[in-house]
Amino acid sequence: MALQVFKDLLFTKALTNQALADIWFIHGFGDSGKAYSEVFKSKLANLYNLWVVDMPGFGASPYNPSVNTMKQQAELLAEAIQTTASRPVVIVAHSIGALIGTWVCQLLGNQVQYYFNVEGNLTEADSYFSSKPLQYNTPEAFFESFSQEVFTKAINEERYRRYYASLKWVVPQAMLDWASSSQPFVRGNLCGEEFKALSCPKVYIWGEQDTPAETQEFIKQHQIPQRHFAGVGHWHMHENAEDFYGYIQYVLANVDELGN
């Protein structure tokens, strides 16, 4: 099974013999590991093993219909982590990809030393991108419309130019798979309840520019551990790279288990 895992999941990685932990990065809807490109220039690259994943059907990873639900892909990624990890594990997950991140944390249990959820889905309101494929008759019809929508935004916004570059690599069916398989966990804010219930140390990273009011209220009402970056949009990893990766470094420097 290990061989199949590495056929379905392709990684960009930077490894160091002195690594304090293995950090695994999970992209969002329609995105790829390129969303985390700046991490390899950050100080994290000198301290930790960095594993940046393309999930099946996204980025450089091939589409595989036998592991097409988000739950199945969480199980696949958990197996990859268990196959490679010899150090404490840290998870960083973005947007709807944080569903996978949450499930990986559930599957790995106390092996996970910290979880950074970056504007992941906590409420139904967060599904503003990932529910769109369900409104179209075919994945291709959705993809054509969505690509044009993103391209229009990319004319004036660098963050969407980055997103559009990853979007051109995606398999449209993979986006529909994520949309359909995530919906039962988005409804009723189950995704937020699952994140809240995780026993591992965790934090929710957000900016008010794209975080819906319902999600901001959920964070406040449920006292979710959180870090707010003012004036930042959805892609903290490159919109606010220096502060974002600096914050991760600061948090991990203060996690006792990583220094022992």
# chains A, B, ... in the order shown; residues from 1 in each chain; ligands from 1
>>> residues_around(residues="Leu50 of chain A", least_positions_apart="4", cutoff="9 Å", atoms="only C-alpha atoms", output="list in words")
Thr12, Lys13, Ala14, Leu15, Thr16, Ala21, Asp22, Ile23, Trp24, Phe25, Val39, Phe40, Leu44 and Ala45 of chain A
>>> write_last_selection(atoms="C-alpha atoms", output="PDB file, in the first residue's frame")
ATOM      1  CA  THR A  12       7.646  19.113  -2.676  1.00  0.00           C
ATOM      2  CA  LYS A  13       9.923  18.696   0.297  1.00  0.00           C
ATOM      3  CA  ALA A  14      12.897  20.158   2.106  1.00  0.00           C
ATOM      4  CA  LEU A  15      14.568  17.893   4.653  1.00  0.00           C
ATOM      5  CA  THR A  16      17.194  18.655   7.265  1.00  0.00           C
ATOM      6  CA  ALA A  21       9.506  18.031  13.503  1.00  0.00           C
ATOM      7  CA  ASP A  22       7.862  17.171  10.191  1.00  0.00           C
ATOM      8  CA  ILE A  23       5.481  19.894   8.982  1.00  0.00           C
ATOM      9  CA  TRP A  24       2.866  18.817   6.436  1.00  0.00           C
ATOM     10  CA  PHE A  25       1.100  21.457   4.322  1.00  0.00           C
ATOM     11  CA  VAL A  39       7.810  28.467   3.151  1.00  0.00           C
ATOM     12  CA  PHE A  40      11.023  27.232   1.513  1.00  0.00           C
ATOM     13  CA  LEU A  44      11.162  27.119   9.028  1.00  0.00           C
ATOM     14  CA  ALA A  45      13.184  25.440   6.252  1.00  0.00           C
TER      15      ALA A  45
END
>>> select_by_dssp(residues="segment 4-47 of chain A", states="helix (DSSP H, G or I)", output="PyMOL selection string")
chain A and resi 4-8+33-41+44-47
>>> write_last_selection(atoms="N, CA and C atoms", output="short mmCIF file (atom, residue, chain, number, x, y, z; two decimals), in the first residue's frame")
data_model
loop_
_atom_site.label_atom_id
_atom_site.label_comp_id
_atom_site.auth_asym_id
_atom_site.auth_seq_id
_atom_site.Cartn_x
_atom_site.Cartn_y
_atom_site.Cartn_z
N GLN A 4 1.51 2.67 -3.44
CA GLN A 4 0.36 3.33 -4.03
C GLN A 4 0.16 4.72 -3.43
N VAL A 5 0.41 4.86 -2.13
CA VAL A 5 0.30 6.17 -1.49
C VAL A 5 1.18 7.18 -2.20
N PHE A 6 2.40 6.80 -2.51
CA PHE A 6 3.33 7.74 -3.10
C PHE A 6 3.12 7.90 -4.61
N LYS A 7 2.31 7.06 -5.21
CA LYS A 7 1.88 7.29 -6.59
C LYS A 7 0.75 8.31 -6.63
N ASP A 8 -0.09 8.31 -5.58
CA ASP A 8 -1.26 9.19 -5.56
C ASP A 8 -0.96 10.57 -4.98
N GLY A 33 0.20 22.68 -3.97
CA GLY A 33 1.27 23.00 -3.06
C GLY A 33 1.98 24.30 -3.36
N LYS A 34 1.80 24.84 -4.57
CA LYS A 34 2.43 26.11 -4.92
C LYS A 34 1.94 27.24 -4.02
N ALA A 35 0.81 27.05 -3.38
CA ALA A 35 0.30 28.07 -2.46
C ALA A 35 1.27 28.32 -1.30
N TYR A 36 2.12 27.33 -1.03
CA TYR A 36 3.05 27.42 0.11
C TYR A 36 4.49 27.68 -0.34
N SER A 37 4.70 28.16 -1.54
CA SER A 37 6.06 28.30 -2.08
C SER A 37 6.99 29.09 -1.16
N GLU A 38 6.47 30.12 -0.49
CA GLU A 38 7.31 30.98 0.33
C GLU A 38 7.89 30.27 1.55
N VAL A 39 7.30 29.14 1.94
CA VAL A 39 7.81 28.47 3.15
C VAL A 39 9.25 28.02 2.97
N PHE A 40 9.67 27.72 1.74
CA PHE A 40 11.02 27.23 1.51
C PHE A 40 12.06 28.34 1.64
N LYS A 41 11.60 29.59 1.67
CA LYS A 41 12.51 30.72 1.89
C LYS A 41 12.43 31.22 3.33
N LEU A 44 11.65 28.47 8.73
CA LEU A 44 11.16 27.12 9.03
C LEU A 44 11.98 26.07 8.28
N ALA A 45 12.46 26.41 7.08
CA ALA A 45 13.18 25.44 6.25
C ALA A 45 14.50 25.00 6.89
N ASN A 46 15.02 25.81 7.81
CA ASN A 46 16.27 25.45 8.49
C ASN A 46 16.05 24.64 9.76
N LEU A 47 14.80 24.58 10.18
CA LEU A 47 14.50 23.97 11.48
C LEU A 47 13.64 22.71 11.39
#
>>> select_by_dssp(residues="segment 74-228 of chain A", states="strand (DSSP E)", output="MDAnalysis selection string")
chainID A and resid 89:94 112:118 202:206 226:228
>>> write_last_selection(atoms="C-alpha atoms", output="PDB file, in the first residue's frame")
ATOM      1  CA  VAL A  89       4.127  15.936  13.273  1.00  0.00           C
ATOM      2  CA  VAL A  90       2.714  19.398  12.619  1.00  0.00           C
ATOM      3  CA  ILE A  91      -0.201  19.972  10.230  1.00  0.00           C
ATOM      4  CA  VAL A  92      -0.895  23.196   8.317  1.00  0.00           C
ATOM      5  CA  ALA A  93      -4.081  23.151   6.231  1.00  0.00           C
ATOM      6  CA  HIS A  94      -5.839  25.827   4.195  1.00  0.00           C
ATOM      7  CA  VAL A 112       0.243  15.483  16.013  1.00  0.00           C
ATOM      8  CA  GLN A 113       1.980  18.128  18.108  1.00  0.00           C
ATOM      9  CA  TYR A 114       0.231  21.147  16.562  1.00  0.00           C
ATOM     10  CA  TYR A 115      -2.437  21.963  13.971  1.00  0.00           C
ATOM     11  CA  PHE A 116      -2.596  25.311  12.133  1.00  0.00           C
ATOM     12  CA  ASN A 117      -5.990  25.714  10.439  1.00  0.00           C
ATOM     13  CA  VAL A 118      -5.742  28.575   7.919  1.00  0.00           C
ATOM     14  CA  LYS A 202      -4.444  23.920  17.576  1.00  0.00           C
ATOM     15  CA  VAL A 203      -5.120  27.425  16.320  1.00  0.00           C
ATOM     16  CA  TYR A 204      -7.415  28.958  13.701  1.00  0.00           C
ATOM     17  CA  ILE A 205      -5.727  31.646  11.576  1.00  0.00           C
ATOM     18  CA  TRP A 206      -7.971  34.188   9.893  1.00  0.00           C
ATOM     19  CA  GLN A 226      -7.358  31.814  17.096  1.00  0.00           C
ATOM     20  CA  ARG A 227      -4.862  34.240  15.590  1.00  0.00           C
ATOM     21  CA  HIS A 228      -6.252  37.178  13.658  1.00  0.00           C
TER      22      HIS A 228
END
>>> residues_around(residues="segment 170-175 of chain A", least_positions_apart="4", cutoff="9 Å", atoms="only C-alpha atoms", output="PDB file with N, CA and C atoms, in the first residue's frame")
ATOM      1  N   PHE A  29      -9.186  24.222  -1.995  1.00  0.00           N
ATOM      2  CA  PHE A  29     -10.014  23.845  -3.132  1.00  0.00           C
ATOM      3  C   PHE A  29      -9.456  24.395  -4.438  1.00  0.00           C
ATOM      4  N   GLY A  30      -9.139  23.483  -5.371  1.00  0.00           N
ATOM      5  CA  GLY A  30      -8.629  23.892  -6.673  1.00  0.00           C
ATOM      6  C   GLY A  30      -7.191  24.357  -6.666  1.00  0.00           C
ATOM      7  N   ASP A  31      -6.577  24.342  -5.513  1.00  0.00           N
ATOM      8  CA  ASP A  31      -5.230  24.884  -5.346  1.00  0.00           C
ATOM      9  C   ASP A  31      -4.190  23.771  -5.445  1.00  0.00           C
ATOM     10  N   SER A  32      -2.963  24.074  -5.095  1.00  0.00           N
ATOM     11  CA  SER A  32      -1.882  23.088  -5.112  1.00  0.00           C
ATOM     12  C   SER A  32      -0.843  23.491  -4.084  1.00  0.00           C
ATOM     13  N   PRO A  56      -4.631  14.114  -4.661  1.00  0.00           N
ATOM     14  CA  PRO A  56      -4.965  13.479  -5.943  1.00  0.00           C
ATOM     15  C   PRO A  56      -5.897  14.339  -6.804  1.00  0.00           C
ATOM     16  N   GLY A  57      -5.463  14.571  -8.045  1.00  0.00           N
ATOM     17  CA  GLY A  57      -6.250  15.377  -8.979  1.00  0.00           C
ATOM     18  C   GLY A  57      -5.926  16.854  -8.933  1.00  0.00           C
ATOM     19  N   PHE A  58      -5.018  17.247  -8.029  1.00  0.00           N
ATOM     20  CA  PHE A  58      -4.624  18.648  -7.881  1.00  0.00           C
ATOM     21  C   PHE A  58      -3.123  18.784  -8.103  1.00  0.00           C
ATOM     22  N   GLY A  59      -2.715  19.929  -8.647  1.00  0.00           N
ATOM     23  CA  GLY A  59      -1.293  20.142  -8.882  1.00  0.00           C
ATOM     24  C   GLY A  59      -0.708  19.048  -9.756  1.00  0.00           C
ATOM     25  N   ALA A  60       0.400  18.464  -9.303  1.00  0.00           N
ATOM     26  CA  ALA A  60       1.094  17.440 -10.087  1.00  0.00           C
ATOM     27  C   ALA A  60       0.615  16.028  -9.791  1.00  0.00           C
ATOM     28  N   PRO A  62      -1.715  12.737  -9.804  1.00  0.00           N
ATOM     29  CA  PRO A  62      -2.714  12.199 -10.731  1.00  0.00           C
ATOM     30  C   PRO A  62      -4.058  11.987 -10.052  1.00  0.00           C
ATOM     31  N   TYR A  63      -5.109  12.071 -10.830  1.00  0.00           N
ATOM     32  CA  TYR A  63      -6.452  11.792 -10.321  1.00  0.00           C
ATOM     33  C   TYR A  63      -6.637  10.284 -10.180  1.00  0.00           C
ATOM     34  N   ASN A  64      -7.212   9.864  -9.060  1.00  0.00           N
ATOM     35  CA  ASN A  64      -7.466   8.440  -8.823  1.00  0.00           C
ATOM     36  C   ASN A  64      -8.893   8.281  -8.303  1.00  0.00           C
ATOM     37  N   PRO A  65      -9.816   7.739  -9.113  1.00  0.00           N
ATOM     38  CA  PRO A  65     -11.218   7.630  -8.682  1.00  0.00           C
ATOM     39  C   PRO A  65     -11.426   6.707  -7.492  1.00  0.00           C
ATOM     40  N   ASN A  68     -11.249   9.251  -4.150  1.00  0.00           N
ATOM     41  CA  ASN A  68     -11.726  10.555  -4.620  1.00  0.00           C
ATOM     42  C   ASN A  68     -12.509  11.350  -3.586  1.00  0.00           C
ATOM     43  N   THR A  69     -12.878  10.777  -2.452  1.00  0.00           N
ATOM     44  CA  THR A  69     -13.555  11.570  -1.436  1.00  0.00           C
ATOM     45  C   THR A  69     -12.519  12.205  -0.517  1.00  0.00           C
ATOM     46  N   SER A 130     -16.230  26.057  -2.482  1.00  0.00           N
ATOM     47  CA  SER A 130     -16.260  24.603  -2.629  1.00  0.00           C
ATOM     48  C   SER A 130     -17.642  24.026  -2.894  1.00  0.00           C
ATOM     49  N   PRO A 133     -19.361  23.719  -7.574  1.00  0.00           N
ATOM     50  CA  PRO A 133     -19.514  22.683  -8.607  1.00  0.00           C
ATOM     51  C   PRO A 133     -20.872  22.003  -8.580  1.00  0.00           C
ATOM     52  N   THR A 138     -22.199  19.488 -15.246  1.00  0.00           N
ATOM     53  CA  THR A 138     -20.987  18.693 -15.448  1.00  0.00           C
ATOM     54  C   THR A 138     -19.806  19.385 -14.774  1.00  0.00           C
ATOM     55  N   PRO A 139     -18.772  18.626 -14.394  1.00  0.00           N
ATOM     56  CA  PRO A 139     -17.565  19.246 -13.835  1.00  0.00           C
ATOM     57  C   PRO A 139     -16.917  20.233 -14.812  1.00  0.00           C
ATOM     58  N   GLU A 140     -16.986  19.916 -16.102  1.00  0.00           N
ATOM     59  CA  GLU A 140     -16.361  20.765 -17.106  1.00  0.00           C
ATOM     60  C   GLU A 140     -17.085  22.110 -17.219  1.00  0.00           C
ATOM     61  N   PHE A 142     -18.763  23.610 -14.831  1.00  0.00           N
ATOM     62  CA  PHE A 142     -18.349  24.369 -13.650  1.00  0.00           C
ATOM     63  C   PHE A 142     -16.962  24.950 -13.839  1.00  0.00           C
ATOM     64  N   PHE A 143     -16.033  24.113 -14.283  1.00  0.00           N
ATOM     65  CA  PHE A 143     -14.642  24.529 -14.362  1.00  0.00           C
ATOM     66  C   PHE A 143     -14.463  25.691 -15.332  1.00  0.00           C
ATOM     67  N   SER A 166      -2.419  27.560 -10.145  1.00  0.00           N
ATOM     68  CA  SER A 166      -2.671  26.208  -9.638  1.00  0.00           C
ATOM     69  C   SER A 166      -3.933  25.623 -10.260  1.00  0.00           C
ATOM     70  N   ALA A 179     -16.252  18.859  -3.603  1.00  0.00           N
ATOM     71  CA  ALA A 179     -17.494  19.579  -3.303  1.00  0.00           C
ATOM     72  C   ALA A 179     -18.556  18.637  -2.746  1.00  0.00           C
ATOM     73  N   SER A 180     -18.774  17.509  -3.436  1.00  0.00           N
ATOM     74  CA  SER A 180     -19.843  16.596  -3.030  1.00  0.00           C
ATOM     75  C   SER A 180     -19.509  15.855  -1.743  1.00  0.00           C
TER      76      SER A 180
END
>>> residues_around(residues="Leu108 of chain A", least_positions_apart="5", cutoff="9 Å", atoms="only C-alpha atoms", output="PyMOL selection string")
chain A and resi 78+81-82+89+103
>>> residues_around(residues="Leu107 of chain A", least_positions_apart="2", cutoff="9 Å", atoms="only C-alpha atoms", output="PyMOL selection string")
chain A and resi 74-75+78+102-105+109
>>> residues_around(residues="Ser131 of chain A", least_positions_apart="3", cutoff="8 Å", atoms="only C-alpha atoms", output="list in words")
Ser127, Tyr128, Leu134, Gln135, Ala179, Ser180 and Gln183 of chain A
>>> closest_residue(among="A:Asn17, A:Thr84, A:Ser42, A:Ser95", to="Thr211 of chain A", atoms="only C-alpha atoms")
A:Ser95
>>> residues_around(residues="Val186 of chain A", least_positions_apart="6", cutoff="12 Å", atoms="only C-alpha atoms", output="PyMOL selection string")
chain A and resi 96+98-99+120-128+130-131+178-180+192-195
>>> atom_distance(atom1="atom CA of Met55 of chain A", atom2="atom CA of Leu9 of chain A")
5.7 Å
